[in-house]
Each structure stands twice: as C-alpha cells, then as structure tokens.
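First the structure, in the form of structure tokens, and then the observations on it.
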Amino acid sequence: MDRRVSVRALVEFSVFEPDLSPASREAMLFGAMGHKSRQKTLTEAGGYKSEVSISRTFDMGGDRVTVQGRMDAFMDGEIPVIEEIKVPASGAAPAEAHEAHRLQAVVYAYMTALRDKRERVIIRILYSTRGGEESARFDEELSVKQLEELFFPLLEAWLSEQLAREKWLAERDASIRALSFPFPEYRGGQREMAVRVYTAISLRRRLVCMLPTGTGKSAGVLFPAIKAMGEGKTKQIFYLTARTTAREAAMDSVRLMYSKGLMAKLLVISAKEKVCTGGMRCHPDDCACAKGFYLRLPDALKDISRYNDWDRERASEIAEKYSICPFEFSLRLAETADIVVCDYNYAFDPMVRLQRIFEKGKEQTLLADEAHNLPSRVREMLSGGLSSGEIAETRREAGKLLSRKASIYKSLTALLKCMKSLSETNTGEGRFDEMPQRLVQLAEKAADDVSEMMGDRRAAPMSKSLFQLLRMLLPFLGAAERAAAEPSDYKALYDNGNGEQHIKLLALNISTHLAEMTAKLPGTVYFSATLTPLDKMKTLLGGSEEDGFFEAPSPFPKENLLLMRKSLSTRYTQRERTANEIAQALVAFSSAKKGNYLFFFPSYKYLLLIRDRITEIAPDLEIMQQESGQSDEKREEFLNEYRAGDKSVVGMAVLGGSYAESVDLPGDQLIGVAVVGVGLPMVCLERETMREYYSDSLGDGFGFAYRYPGMQKVLQAAGRVIRTKTDRGAVLLIDDRYMNKEYYSLLPEHFSSLHESADIRAETEAFFV
C-alpha cells in the first residue's frame, strides 16, 4: 500500500513546541509575505530556485511511504544548500534554530542527497522579517549518514501511527459497505439526488442542486458521500453550513446512520468565541490551556478516540479534562475526523481555511448546505476594509496604557492621518481609481506593531482591542495583496460619512476563488432550496461546463399548497400610496382561517409602516413583530408562540433575517406566509459596483446584484410553510413584479400554480375547508 506524507506533517508529528503559539493565525499572512519577499531577493541575486518540489518513496519492510514537499529555496553546487525560511510570529529572531525547522530542512536535504547522489548537504534555517530581510541564520553541513540517522526515526514514528489508523479505516469502510439508506424508502427526487452526488464525487466534479423543503437533503447528500468514502473515492467529508440548525440536521442524519451500524468519526467545529474559556489572548503566559497544550494533547486524543461522536459538548469535556484549548483541540481533531461539520470559512476563507488539512492533498469532499448564502459570505471573506473609528479607539487605549511614544501609537496615528488626508480630497462616498499604496504600507506597519504588542504582557489589558483591530487589518492587507495581483477583481470604495473614514476593498470576482478552492477535489456539492437560477448560480459558484446542476421536484402534493399573487407596487417611492391596500390584503389573508401566519418585508421600516396600517384597519388583531437587533433568547420566545398551539399568532419579520431561514414550524404551527416585495437589496455603492461588474463579466448585472439574491430570499421565506407531506398551507406574494417574466421565471416548478387572486379571503377560506 502506498502512503503519502508531507515533509512538514512528518516532522510535526514527532517534534513540536510545548505551548500554543500566540496569534498563530494572524502570523500566517505575515509568514506568507516574508516567504515571498525572501524568495524574491534570493532569485534576483541569482543561483537560487524557489518552491522546488521534491519527493521520494521509501520501503519500510513492505510498507511504502512517499515523502513530498517544496523547498523554500534551493541552490545547487558542489555542496547543495537547502534554505528553510521562517518568519517569527513575535518578530524577534530566536537565539538558535527551532528543532522542528531544522528537521524540515534535514528531510529535504536527505532526499536531495539521495536524488542527486551527494555526500554532504548544507541546511540553512533563515529567520526573516516580513519584508524579506535576514534577521538570523543558522547553517549546518551534514553528511548523508548524519541525515539518515535523523530522518528514519521521524518516518518510523509516523508510520506506526499511520498503521493504527489504517486498521480503524478498514473497520470504518466495512461498516459503510454494510450500511443501507437510513429510512424505509427514498422520498420523491431523493434517490436521483443521491445518484448525482455519488457521481460528482466519483468524477471529481462540482454539482449545484436545488432541493425543495422536505427533500431530506441532509441525509440525501450525506449518505452517497459516505458510501463513496467507504469505496475510497474520497478520504474525508466536510459538511459546510452557516447556521446552527443546519448543522444539527447533518449531525442527526449521521447519528441515525450510527443506529444502522455506521462507524465513522463525526466532528463539529464551533466558533472560537463560543468554546474558548481563556479570553481572546491565546498566550501561555495568560492561559493555562495554551501552556503545555501539545504535551497533554496525545492523552486527550487517545481518550476521545474511544468515541465516534465528537460533538461540541464531548470535545469541550475532554479538553477541560486535560486542560487544553477546546478550540485548538477541535482543529486538531479535524485532521482525523471522517465527517466534519463546520462553517463555510474553514474551507473558503483565506484567513481561516484549514491549511493543515487542505494542503495535504485534494482528498476532501465539500458538501455546502444553504449555498444561496455562499456568494455573499465568500465576498465578505475576500474583501477587507479600514474604519477610522476602531483604529482611533485602539490608539487611545495604547496611548493611555503604553504612552504616545510607543511604536503602535505612532503607526496608528500615521494610518489615521493618511485616511483623513484621503477624505479631504475624496469627499462623500465613491471609488478610488486604485487603492492608495501609501495607505497599504501604513496598514502593514500598523499590523506589525499590533501583532508584536499581542505578545507583550504590558498590553494584556487591551488584548481584546488588539485582537479585533488585527482582525480588521489582516483581511484588508490580504485583499490588497490579491487586488495588486488581479486589479479587475476588486474595487476600492470610500465613505466619509458621520465624521469617520471607511475604506473598503470590495471583492467582485468570487467565482475564480471558489473554482480554485474546489479544483480537483473529489466532489463539491452546493445545495439549497433556493439556488435559482441554477445555471447562473453554477457559474457564480465557480462551476465549469463539465460540472452539473440538478433540481429535485417537491416531494409534497401540489394540492396541499395554495399560491396566490397580489399585484401591488412595493417600490420605495410607492410604499405610502399602496400601504393601505397591502394591509387590507394581509388582514384578509390572515382572517380567512384561524391559525398561525407570518408576514415578511424587505426592511424593518416598511414592516413598521404596514403594521401601523393593519392596526388602523383591524385594531383587534394581535401582532408580534421581529425586533431590531433581537437576541437569540427573544427569537426563541417569538417562535415558541407559534409552537404553543393555544391561540392564533400573526407575526411580522424581515426578509433574509433569522425567521426567514432554517425555521421549522410543521403542521398547524404555521399555515400561511405572505411576502411583501421581491426582496431586492437596497441600492448602494457596493451593490451598484457589483451590478456594473456583473454586467461586464456575466452580462446580467441587475440579476446577479439584485434580482437573484432578492428572489432567493423570497423563496426562503415562502418555504417556511409546508414542512411535511401532510401539511396544508397558503403563500401570498404581494408585488406587481411577480407578473414579470424576469421574476416569475425564477420560481421553482412546484410554484407553477401561482395566480392572481380576485378575493384573497374567500379563496383562502375555500382552500382550508
């Protein structure tokens, strides 16, 4: 059996620092910049080559292992030189080379010596600043014999663990081969969906699916993916979603398969702020869970391996038992879990992506649930901005705590002055022709100083502010780097309102990023109940002509859903004029049959306008409304009113909000939904910039920027009614644009009975009789 391991993974399996490194995630961007700068310096000087790939297969008593990697820098000669470039997170060079860094160079040197038949090799561990300047260097000339004695203990330790894992995988795969579909029968469209998912994984293609509510999408997508994993077509499944409720559905599906005999490790990754108990400053001086983390990690891994279900509670319990960071523990578990349920950002965000997993090879299948949310989320991941208010607040804290002579105070002052100067020549809001490079340089200096201060105990009282500021600066710098490489993919925007300066690098081309992140993976499946129009969404999500798309039919009887339309203008300039008619239509709808109704509006202000008109028309009608900035507790109270079943409930909420998605109110808990408007996003500089971009690149600027996102929100809201095959419910869509083909053509097939209602109350009464 052939096995593969990267040089870094091979070394880090046996050699590691005892403590968690502070600001390790933030250091990733700095490290990449330092590598590139140093490599550029070496190649320009001549003699060196950068990113030189090398691999070699070793026979370990019949067990073959291929070790592979890319040397940071290589210079051939009588005695070759292998250079390993590192950028210290703290900015300070060490007094001696770290053993893990040294051994990475040793592995490269040994493979080079065998490949080129050299007796001696020089290894060089070079610590660089982010600008590529040398801060420390450690050279060592080693013979082949010395390299061999250092190399094989690393390989033997890794192989021993790998053989144990292969034993587990054999048991897992046997259980998958025996696994049957966890329900007595497939629902309508579910079998075809499963076949297409399996095929996409087998052919290593992308698949974009529109799966109506009730299709059983979680089980229907996970089951074929797990079957493919058991056949070796993929090594790991990432179930990606943006909402907790969708994660629970995926977990429930896997647990149901557990009851049918499945053996697989299921992991849920929760956000750091939800599981971390040690504060935002992840430093061994301040957090006992960070100090000695790697020393206690092996025992924790052995303990949790007794279980298959690694949910948040179990992972946190084991982490607490061994006093290790629960968040970093979950990231470590992600390397060996068979099924990982997590947020989109762990696969797609350049700042958060699990490099330790996705850099190992293209062996992960991605199942992206609620994929209609993905374009806006990825655009947010790739964009970056600066806000003078947040920078000024952190500068104020630094001045009080450290003095105005501190480097961080000075760098933040320079950054603020530059932003202020730009606002004086670029008033109001608008677009820069290109991002001012002086601003980027000052942001880099500020990020350097903030990162350095995060490792300084004097700054502990302001660690949260520093962390938040770095979370603003680093995405901006990442966006600036990408924009410099592909200027047409970004636009630089500014807004100088309310006495503050806001500058944003808006990512426009998300398709290329998604295409690159999913290229050659063993299947990427994007699915949602509202991925309309499918062909356009496939293009937006980075699909190619070779990739597929599929729309499953609704599994519910069409006669169980009443679909009515009321042609009234909801355009901003017409809202006051039509408010009374809309209110009357909603009162007629909700008074036709005693029960629970939910009305959706494109904005909170519009909601309040119609609420007031309803109160005038029907003063006895009790109305609940979504509150602005509502907490999770208040949200549950709102929904519990629908679940109680002791009275009729009429609620009002905002399209695209927390009540419009992932809310399950089956049976009589919700019998009617009305959607006022077509959900178009508000016209603003960002949206207009997107419209212009998509007009040029995809030929449908208004569609991609406004119409498609709007109608996806409409369909999400309408999908709250009819959750099971026995439910009966009604949907009322109010807007004259539903008469327009550009809008009604975006409705799914099971909405084909949508019609203009002459008498909403009478028709609704007749339907429910």
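Labeling convention for the structure tokens: chains A, B, ... as they appear, residues from 1 per chain, ligands from 1 in order of appearance.
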Run DSSP on the backbone and give me the residues of region 178-266 of chain A it puts in helix (DSSP H, G or I), as a short mmCIF file (atom, residue, chain, number, x, y, z; two decimals) with all heavy atoms, in the first residue's frame.
```cif
data_model
loop_
_atom_site.label_atom_id
_atom_site.label_comp_id
_atom_site.auth_asym_id
_atom_site.auth_seq_id
_atom_site.Cartn_x
_atom_site.Cartn_y
_atom_site.Cartn_z
N GLN A 190 -35.23 12.10 -4.09
CA GLN A 190 -34.09 11.88 -3.20
C GLN A 190 -33.11 10.85 -3.78
O GLN A 190 -31.90 11.02 -3.65
CB GLN A 190 -34.59 11.43 -1.83
CG GLN A 190 -33.62 11.67 -0.69
CD GLN A 190 -34.23 11.30 0.65
OE1 GLN A 190 -35.02 10.37 0.76
NE2 GLN A 190 -33.86 12.04 1.68
N ARG A 191 -33.63 9.81 -4.40
CA ARG A 191 -32.74 8.79 -4.97
C ARG A 191 -31.91 9.39 -6.11
O ARG A 191 -30.69 9.16 -6.19
CB ARG A 191 -33.54 7.58 -5.47
CG ARG A 191 -32.65 6.52 -6.14
CD ARG A 191 -33.49 5.37 -6.68
NE ARG A 191 -34.03 4.53 -5.61
CZ ARG A 191 -33.35 3.55 -5.01
NH1 ARG A 191 -32.09 3.30 -5.36
NH2 ARG A 191 -33.91 2.82 -4.08
N GLU A 192 -32.56 10.14 -7.01
CA GLU A 192 -31.82 10.75 -8.11
C GLU A 192 -30.77 11.72 -7.58
O GLU A 192 -29.66 11.80 -8.10
CB GLU A 192 -32.77 11.47 -9.07
CG GLU A 192 -32.06 12.03 -10.30
CD GLU A 192 -32.98 12.73 -11.26
OE1 GLU A 192 -34.21 12.76 -11.01
OE2 GLU A 192 -32.47 13.27 -12.26
N MET A 193 -31.13 12.46 -6.52
CA MET A 193 -30.17 13.37 -5.89
C MET A 193 -28.96 12.59 -5.38
O MET A 193 -27.81 12.98 -5.60
CB MET A 193 -30.85 14.11 -4.74
CG MET A 193 -29.91 14.95 -3.89
SD MET A 193 -30.79 15.83 -2.58
CE MET A 193 -31.33 14.48 -1.55
N ALA A 194 -29.21 11.46 -4.71
CA ALA A 194 -28.12 10.65 -4.16
C ALA A 194 -27.22 10.13 -5.27
O ALA A 194 -25.98 10.13 -5.14
CB ALA A 194 -28.69 9.50 -3.34
N VAL A 195 -27.82 9.71 -6.37
CA VAL A 195 -27.04 9.20 -7.51
C VAL A 195 -26.15 10.30 -8.08
O VAL A 195 -24.97 10.07 -8.38
CB VAL A 195 -27.97 8.64 -8.60
CG1 VAL A 195 -27.19 8.35 -9.88
CG2 VAL A 195 -28.66 7.37 -8.11
N ARG A 196 -26.70 11.49 -8.20
CA ARG A 196 -25.92 12.60 -8.77
C ARG A 196 -24.78 13.02 -7.83
O ARG A 196 -23.69 13.36 -8.29
CB ARG A 196 -26.83 13.78 -9.08
CG ARG A 196 -27.73 13.55 -10.29
CD ARG A 196 -28.62 14.73 -10.56
NE ARG A 196 -29.47 14.51 -11.72
CZ ARG A 196 -29.28 15.06 -12.90
NH1 ARG A 196 -28.25 15.87 -13.11
NH2 ARG A 196 -30.11 14.83 -13.91
N VAL A 197 -25.02 13.01 -6.53
CA VAL A 197 -23.96 13.34 -5.57
C VAL A 197 -22.84 12.31 -5.65
O VAL A 197 -21.66 12.66 -5.71
CB VAL A 197 -24.53 13.41 -4.14
CG1 VAL A 197 -23.41 13.51 -3.12
CG2 VAL A 197 -25.47 14.61 -4.00
N TYR A 198 -23.21 11.04 -5.68
CA TYR A 198 -22.22 9.96 -5.78
C TYR A 198 -21.41 10.09 -7.06
O TYR A 198 -20.18 9.93 -7.06
CB TYR A 198 -22.92 8.61 -5.73
CG TYR A 198 -22.00 7.42 -5.82
CD1 TYR A 198 -21.39 6.89 -4.69
CD2 TYR A 198 -21.73 6.83 -7.06
CE1 TYR A 198 -20.54 5.80 -4.79
CE2 TYR A 198 -20.88 5.74 -7.17
CZ TYR A 198 -20.29 5.22 -6.03
OH TYR A 198 -19.44 4.15 -6.12
N THR A 199 -22.10 10.41 -8.16
CA THR A 199 -21.41 10.56 -9.45
C THR A 199 -20.44 11.74 -9.43
O THR A 199 -19.32 11.65 -9.94
CB THR A 199 -22.44 10.74 -10.58
OG1 THR A 199 -23.32 9.61 -10.60
CG2 THR A 199 -21.75 10.86 -11.93
N ALA A 200 -20.87 12.87 -8.84
CA ALA A 200 -20.00 14.04 -8.76
C ALA A 200 -18.73 13.73 -7.99
O ALA A 200 -17.63 14.15 -8.37
CB ALA A 200 -20.74 15.20 -8.11
N ILE A 201 -18.85 12.97 -6.91
CA ILE A 201 -17.68 12.59 -6.12
C ILE A 201 -16.79 11.64 -6.92
O ILE A 201 -15.56 11.80 -6.95
CB ILE A 201 -18.13 11.94 -4.80
CG1 ILE A 201 -18.85 12.97 -3.92
CG2 ILE A 201 -16.93 11.35 -4.04
CD1 ILE A 201 -19.51 12.40 -2.70
N SER A 202 -17.40 10.67 -7.58
CA SER A 202 -16.63 9.69 -8.36
C SER A 202 -15.85 10.35 -9.49
O SER A 202 -14.71 9.99 -9.77
CB SER A 202 -17.57 8.62 -8.93
OG SER A 202 -18.25 7.95 -7.90
N LEU A 203 -16.48 11.36 -10.14
CA LEU A 203 -15.85 12.03 -11.28
C LEU A 203 -15.05 13.26 -10.87
O LEU A 203 -14.47 13.93 -11.72
CB LEU A 203 -16.92 12.44 -12.30
CG LEU A 203 -17.73 11.30 -12.93
CD1 LEU A 203 -18.78 11.87 -13.88
CD2 LEU A 203 -16.81 10.34 -13.66
N LYS A 217 -32.62 16.69 2.43
CA LYS A 217 -31.35 16.99 1.78
C LYS A 217 -30.14 16.53 2.59
O LYS A 217 -29.16 16.07 2.02
CB LYS A 217 -31.25 18.48 1.46
CG LYS A 217 -31.39 19.40 2.66
CD LYS A 217 -31.34 20.86 2.26
CE LYS A 217 -31.47 21.76 3.48
NZ LYS A 217 -31.35 23.18 3.14
N SER A 218 -30.20 16.64 3.92
CA SER A 218 -29.02 16.27 4.72
C SER A 218 -28.68 14.80 4.55
O SER A 218 -27.55 14.44 4.20
CB SER A 218 -29.26 16.60 6.19
OG SER A 218 -29.44 17.98 6.38
N ALA A 219 -29.67 13.94 4.77
CA ALA A 219 -29.44 12.51 4.61
C ALA A 219 -29.20 12.16 3.14
O ALA A 219 -28.34 11.32 2.82
CB ALA A 219 -30.63 11.73 5.14
N GLY A 220 -29.94 12.83 2.24
CA GLY A 220 -29.83 12.53 0.82
C GLY A 220 -28.48 12.88 0.23
O GLY A 220 -28.06 12.27 -0.76
N VAL A 221 -27.79 13.83 0.84
CA VAL A 221 -26.46 14.22 0.36
C VAL A 221 -25.36 13.47 1.13
O VAL A 221 -24.37 13.03 0.54
CB VAL A 221 -26.28 15.76 0.50
CG1 VAL A 221 -24.84 16.15 0.27
CG2 VAL A 221 -27.18 16.49 -0.48
N LEU A 222 -25.54 13.31 2.43
CA LEU A 222 -24.52 12.64 3.25
C LEU A 222 -24.40 11.15 2.94
O LEU A 222 -23.29 10.61 2.89
CB LEU A 222 -24.83 12.83 4.72
CG LEU A 222 -24.31 14.13 5.36
CD1 LEU A 222 -24.96 14.37 6.71
CD2 LEU A 222 -22.79 14.08 5.50
N PHE A 223 -25.53 10.48 2.74
CA PHE A 223 -25.48 9.03 2.53
C PHE A 223 -24.62 8.64 1.32
O PHE A 223 -23.72 7.80 1.44
CB PHE A 223 -26.89 8.46 2.40
CG PHE A 223 -26.93 6.98 2.14
CD1 PHE A 223 -26.59 6.08 3.13
CD2 PHE A 223 -27.28 6.49 0.89
CE1 PHE A 223 -26.61 4.71 2.89
CE2 PHE A 223 -27.30 5.13 0.63
CZ PHE A 223 -26.96 4.23 1.64
N PRO A 224 -24.85 9.22 0.12
CA PRO A 224 -23.98 8.84 -1.00
C PRO A 224 -22.53 9.26 -0.80
O PRO A 224 -21.62 8.58 -1.28
CB PRO A 224 -24.62 9.56 -2.19
CG PRO A 224 -25.41 10.68 -1.60
CD PRO A 224 -25.92 10.15 -0.29
N ALA A 225 -22.31 10.37 -0.10
CA ALA A 225 -20.93 10.81 0.16
C ALA A 225 -20.22 9.81 1.07
O ALA A 225 -19.04 9.47 0.86
CB ALA A 225 -20.93 12.20 0.78
N ILE A 226 -20.93 9.32 2.09
CA ILE A 226 -20.34 8.33 3.00
C ILE A 226 -20.08 7.02 2.26
O ILE A 226 -19.04 6.38 2.44
CB ILE A 226 -21.26 8.12 4.22
CG1 ILE A 226 -21.24 9.38 5.09
CG2 ILE A 226 -20.86 6.89 5.02
CD1 ILE A 226 -22.27 9.39 6.20
N LYS A 227 -21.01 6.63 1.40
CA LYS A 227 -20.81 5.42 0.60
C LYS A 227 -19.56 5.55 -0.28
O LYS A 227 -18.76 4.62 -0.41
CB LYS A 227 -22.04 5.16 -0.28
CG LYS A 227 -23.17 4.45 0.43
CD LYS A 227 -22.79 3.02 0.77
CE LYS A 227 -23.95 2.18 1.24
NZ LYS A 227 -23.56 0.79 1.56
N ALA A 228 -19.39 6.74 -0.89
CA ALA A 228 -18.22 6.97 -1.74
C ALA A 228 -16.94 6.94 -0.91
O ALA A 228 -15.90 6.44 -1.36
CB ALA A 228 -18.35 8.32 -2.45
N MET A 229 -17.00 7.45 0.33
CA MET A 229 -15.83 7.41 1.21
C MET A 229 -15.44 5.97 1.54
O MET A 229 -14.26 5.62 1.57
CB MET A 229 -16.13 8.19 2.49
CG MET A 229 -14.96 8.27 3.46
SD MET A 229 -15.23 9.46 4.81
CE MET A 229 -16.66 8.74 5.63
N GLY A 230 -16.43 5.12 1.76
CA GLY A 230 -16.16 3.72 2.05
C GLY A 230 -15.52 2.98 0.89
O GLY A 230 -14.86 1.95 1.09
N THR A 244 -26.62 27.15 12.79
CA THR A 244 -26.59 26.06 13.76
C THR A 244 -27.65 25.02 13.45
O THR A 244 -27.40 23.81 13.59
CB THR A 244 -26.81 26.62 15.17
OG1 THR A 244 -25.81 27.60 15.45
CG2 THR A 244 -26.74 25.52 16.22
N THR A 245 -28.85 25.45 13.04
CA THR A 245 -29.93 24.50 12.78
C THR A 245 -29.57 23.53 11.66
O THR A 245 -29.91 22.34 11.72
CB THR A 245 -31.22 25.24 12.41
OG1 THR A 245 -30.93 26.24 11.43
CG2 THR A 245 -31.81 25.92 13.64
N ALA A 246 -28.87 24.02 10.64
CA ALA A 246 -28.47 23.14 9.54
C ALA A 246 -27.41 22.15 10.01
O ALA A 246 -27.36 21.00 9.56
CB ALA A 246 -27.96 23.96 8.37
N ARG A 247 -26.53 22.59 10.91
CA ARG A 247 -25.53 21.68 11.46
C ARG A 247 -26.20 20.56 12.24
O ARG A 247 -25.80 19.39 12.16
CB ARG A 247 -24.57 22.44 12.38
CG ARG A 247 -23.71 23.46 11.65
CD ARG A 247 -22.84 24.24 12.62
NE ARG A 247 -22.46 25.52 12.04
CZ ARG A 247 -21.78 26.45 12.66
NH1 ARG A 247 -21.41 26.26 13.91
NH2 ARG A 247 -21.48 27.59 12.05
N GLU A 248 -27.22 20.91 13.00
CA GLU A 248 -27.92 19.89 13.78
C GLU A 248 -28.59 18.87 12.88
O GLU A 248 -28.61 17.67 13.20
CB GLU A 248 -28.96 20.57 14.68
CG GLU A 248 -28.33 21.39 15.81
CD GLU A 248 -29.34 22.24 16.55
OE1 GLU A 248 -30.50 22.32 16.08
OE2 GLU A 248 -28.98 22.81 17.59
N ALA A 249 -29.12 19.31 11.74
CA ALA A 249 -29.75 18.38 10.80
C ALA A 249 -28.72 17.39 10.25
O ALA A 249 -29.00 16.19 10.12
CB ALA A 249 -30.40 19.15 9.65
N ALA A 250 -27.53 17.87 9.95
CA ALA A 250 -26.46 16.99 9.45
C ALA A 250 -26.04 16.00 10.53
O ALA A 250 -25.86 14.80 10.27
CB ALA A 250 -25.26 17.83 9.00
N MET A 251 -25.88 16.48 11.75
CA MET A 251 -25.49 15.61 12.86
C MET A 251 -26.56 14.55 13.12
O MET A 251 -26.24 13.37 13.34
CB MET A 251 -25.25 16.45 14.11
CG MET A 251 -24.04 17.37 14.00
SD MET A 251 -24.13 18.79 15.11
CE MET A 251 -24.25 18.00 16.71
N ASP A 252 -27.82 14.95 13.06
CA ASP A 252 -28.91 13.99 13.28
C ASP A 252 -28.90 12.90 12.22
O ASP A 252 -29.17 11.72 12.51
CB ASP A 252 -30.25 14.71 13.28
CG ASP A 252 -30.46 15.57 14.52
OD1 ASP A 252 -29.72 15.38 15.51
OD2 ASP A 252 -31.35 16.45 14.49
N SER A 253 -28.58 13.28 10.98
CA SER A 253 -28.54 12.29 9.89
C SER A 253 -27.44 11.27 10.12
O SER A 253 -27.64 10.06 9.94
CB SER A 253 -28.32 13.00 8.54
OG SER A 253 -29.42 13.82 8.21
N VAL A 254 -26.26 11.73 10.55
CA VAL A 254 -25.15 10.81 10.81
C VAL A 254 -25.49 9.92 12.00
O VAL A 254 -25.22 8.70 11.99
CB VAL A 254 -23.84 11.58 11.05
CG1 VAL A 254 -22.72 10.62 11.45
CG2 VAL A 254 -23.44 12.37 9.81
N ARG A 255 -26.10 10.49 13.02
CA ARG A 255 -26.45 9.70 14.20
C ARG A 255 -27.50 8.64 13.87
O ARG A 255 -27.49 7.54 14.44
CB ARG A 255 -26.94 10.62 15.32
CG ARG A 255 -25.80 11.43 15.94
CD ARG A 255 -26.29 12.59 16.76
NE ARG A 255 -25.17 13.34 17.34
CZ ARG A 255 -25.26 14.58 17.80
NH1 ARG A 255 -26.43 15.22 17.76
NH2 ARG A 255 -24.21 15.18 18.31
N LEU A 256 -28.39 8.96 12.96
CA LEU A 256 -29.35 7.96 12.51
C LEU A 256 -28.62 6.81 11.82
O LEU A 256 -28.96 5.63 12.01
CB LEU A 256 -30.36 8.60 11.55
CG LEU A 256 -31.46 7.68 11.01
CD1 LEU A 256 -32.29 7.09 12.15
CD2 LEU A 256 -32.35 8.43 10.03
N MET A 257 -27.59 7.14 11.05
CA MET A 257 -26.80 6.10 10.40
C MET A 257 -25.99 5.30 11.41
O MET A 257 -25.71 4.12 11.20
CB MET A 257 -25.90 6.71 9.32
CG MET A 257 -26.66 7.28 8.14
SD MET A 257 -25.58 7.94 6.84
CE MET A 257 -26.47 9.43 6.39
N TYR A 258 -25.60 5.93 12.52
CA TYR A 258 -24.96 5.18 13.61
C TYR A 258 -25.86 4.04 14.06
O TYR A 258 -25.41 2.92 14.31
CB TYR A 258 -24.69 6.09 14.82
CG TYR A 258 -23.47 7.00 14.71
CD1 TYR A 258 -23.37 8.12 15.52
CD2 TYR A 258 -22.43 6.73 13.84
CE1 TYR A 258 -22.26 8.97 15.47
CE2 TYR A 258 -21.32 7.56 13.76
CZ TYR A 258 -21.24 8.68 14.58
OH TYR A 258 -20.15 9.51 14.53
#
```
Exercise for the section: Skip region 97-113 of chain A itself and residues of its chain fewer than 2 positions away, then list as a PyMOL selection string all residues within 9 Å of it, counting only C-alpha atoms. Expected result: chain A and resi 7-8+10-12+14-17+54-56+67-71+80-86+94-95+115-127+136-138+142-144+147-148+150-151
Handout entry: Polymer residues at most 9 Å from Lys725 (chain A), only C-alpha atoms, same-chain spacing of 4 or more positions, as a PyMOL selection string
Key = chain A and resi 214+555-557+560
With N, CA, C and O atoms retained, write the just-selected residues as a PDB file, in the first residue's frame.
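Result file follows (out_36.pdb):
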```pdb
ATOM      1  N   GLY A 214     -38.253  19.513   2.425  1.00  0.00           N
ATOM      2  CA  GLY A 214     -38.872  18.202   2.550  1.00  0.00           C
ATOM      3  C   GLY A 214     -38.198  17.126   1.738  1.00  0.00           C
ATOM      4  O   GLY A 214     -38.562  15.948   1.817  1.00  0.00           O
ATOM      5  N   PRO A 555     -41.371  16.978  -2.885  1.00  0.00           N
ATOM      6  CA  PRO A 555     -41.940  15.672  -2.510  1.00  0.00           C
ATOM      7  C   PRO A 555     -43.374  15.770  -2.005  1.00  0.00           C
ATOM      8  O   PRO A 555     -43.997  14.750  -1.705  1.00  0.00           O
ATOM      9  N   PHE A 556     -43.904  16.995  -1.895  1.00  0.00           N
ATOM     10  CA  PHE A 556     -45.221  17.189  -1.304  1.00  0.00           C
ATOM     11  C   PHE A 556     -46.295  17.350  -2.386  1.00  0.00           C
ATOM     12  O   PHE A 556     -46.031  17.896  -3.466  1.00  0.00           O
ATOM     13  N   PRO A 557     -47.514  16.908  -2.101  1.00  0.00           N
ATOM     14  CA  PRO A 557     -48.605  17.061  -3.080  1.00  0.00           C
ATOM     15  C   PRO A 557     -48.845  18.540  -3.406  1.00  0.00           C
ATOM     16  O   PRO A 557     -48.951  19.373  -2.502  1.00  0.00           O
ATOM     17  N   ASN A 560     -51.667  20.583  -1.778  1.00  0.00           N
ATOM     18  CA  ASN A 560     -51.588  20.984  -0.367  1.00  0.00           C
ATOM     19  C   ASN A 560     -51.109  22.419  -0.185  1.00  0.00           C
ATOM     20  O   ASN A 560     -51.067  22.921   0.943  1.00  0.00           O
TER      21      ASN A 560
END
```
Practice task
From a DSSP pass on the backbone, collect the residues of region 481-512 of chain A flagged as strand (DSSP E) and hand them back as a PyMOL selection string.
Solution key: chain A and resi 490-495+502-507
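Counting only C-alpha atoms and comparing A:Leu665, A:Leu505, A:Ala583, A:Ala718, the residue that lies closest to Tyr606 (chain A) is A:Ala583.
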Handout entry: Nearest to Met419 (chain A) by atom-to-atom distance, counting only C-alpha atoms, from A:Gly389, A:Gly47, A:Pro153, A:Gly629
Key = A:Gly389
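Take CA of Gln437 (chain A) and CA of Ala392 (chain A): the distance between them is 20.7 Å.
Across the structure, CA of Thr532 (chain A) and CA of Leu598 (chain A) are spaced 23.1 Å apart.
Distances to Gly710 (chain A) were evaluated for A:Gly667, A:Gly672, A:Gly656, A:Gly399 using only C-alpha atoms, and the minimum falls at A:Gly656.
Separating CA of Lys274 (chain A) from CA of Asp311 (chain A) is a distance of 13.4 Å.
The residue set within 8 Å of Leu412 (chain A), counting only C-alpha atoms and dropping same-chain residues fewer than 2 places from it, reads Ile391, Ala392, Arg395, Ile408, Tyr409, Lys410, Ala414, Leu415, Leu416 and Ala446 of chain A.
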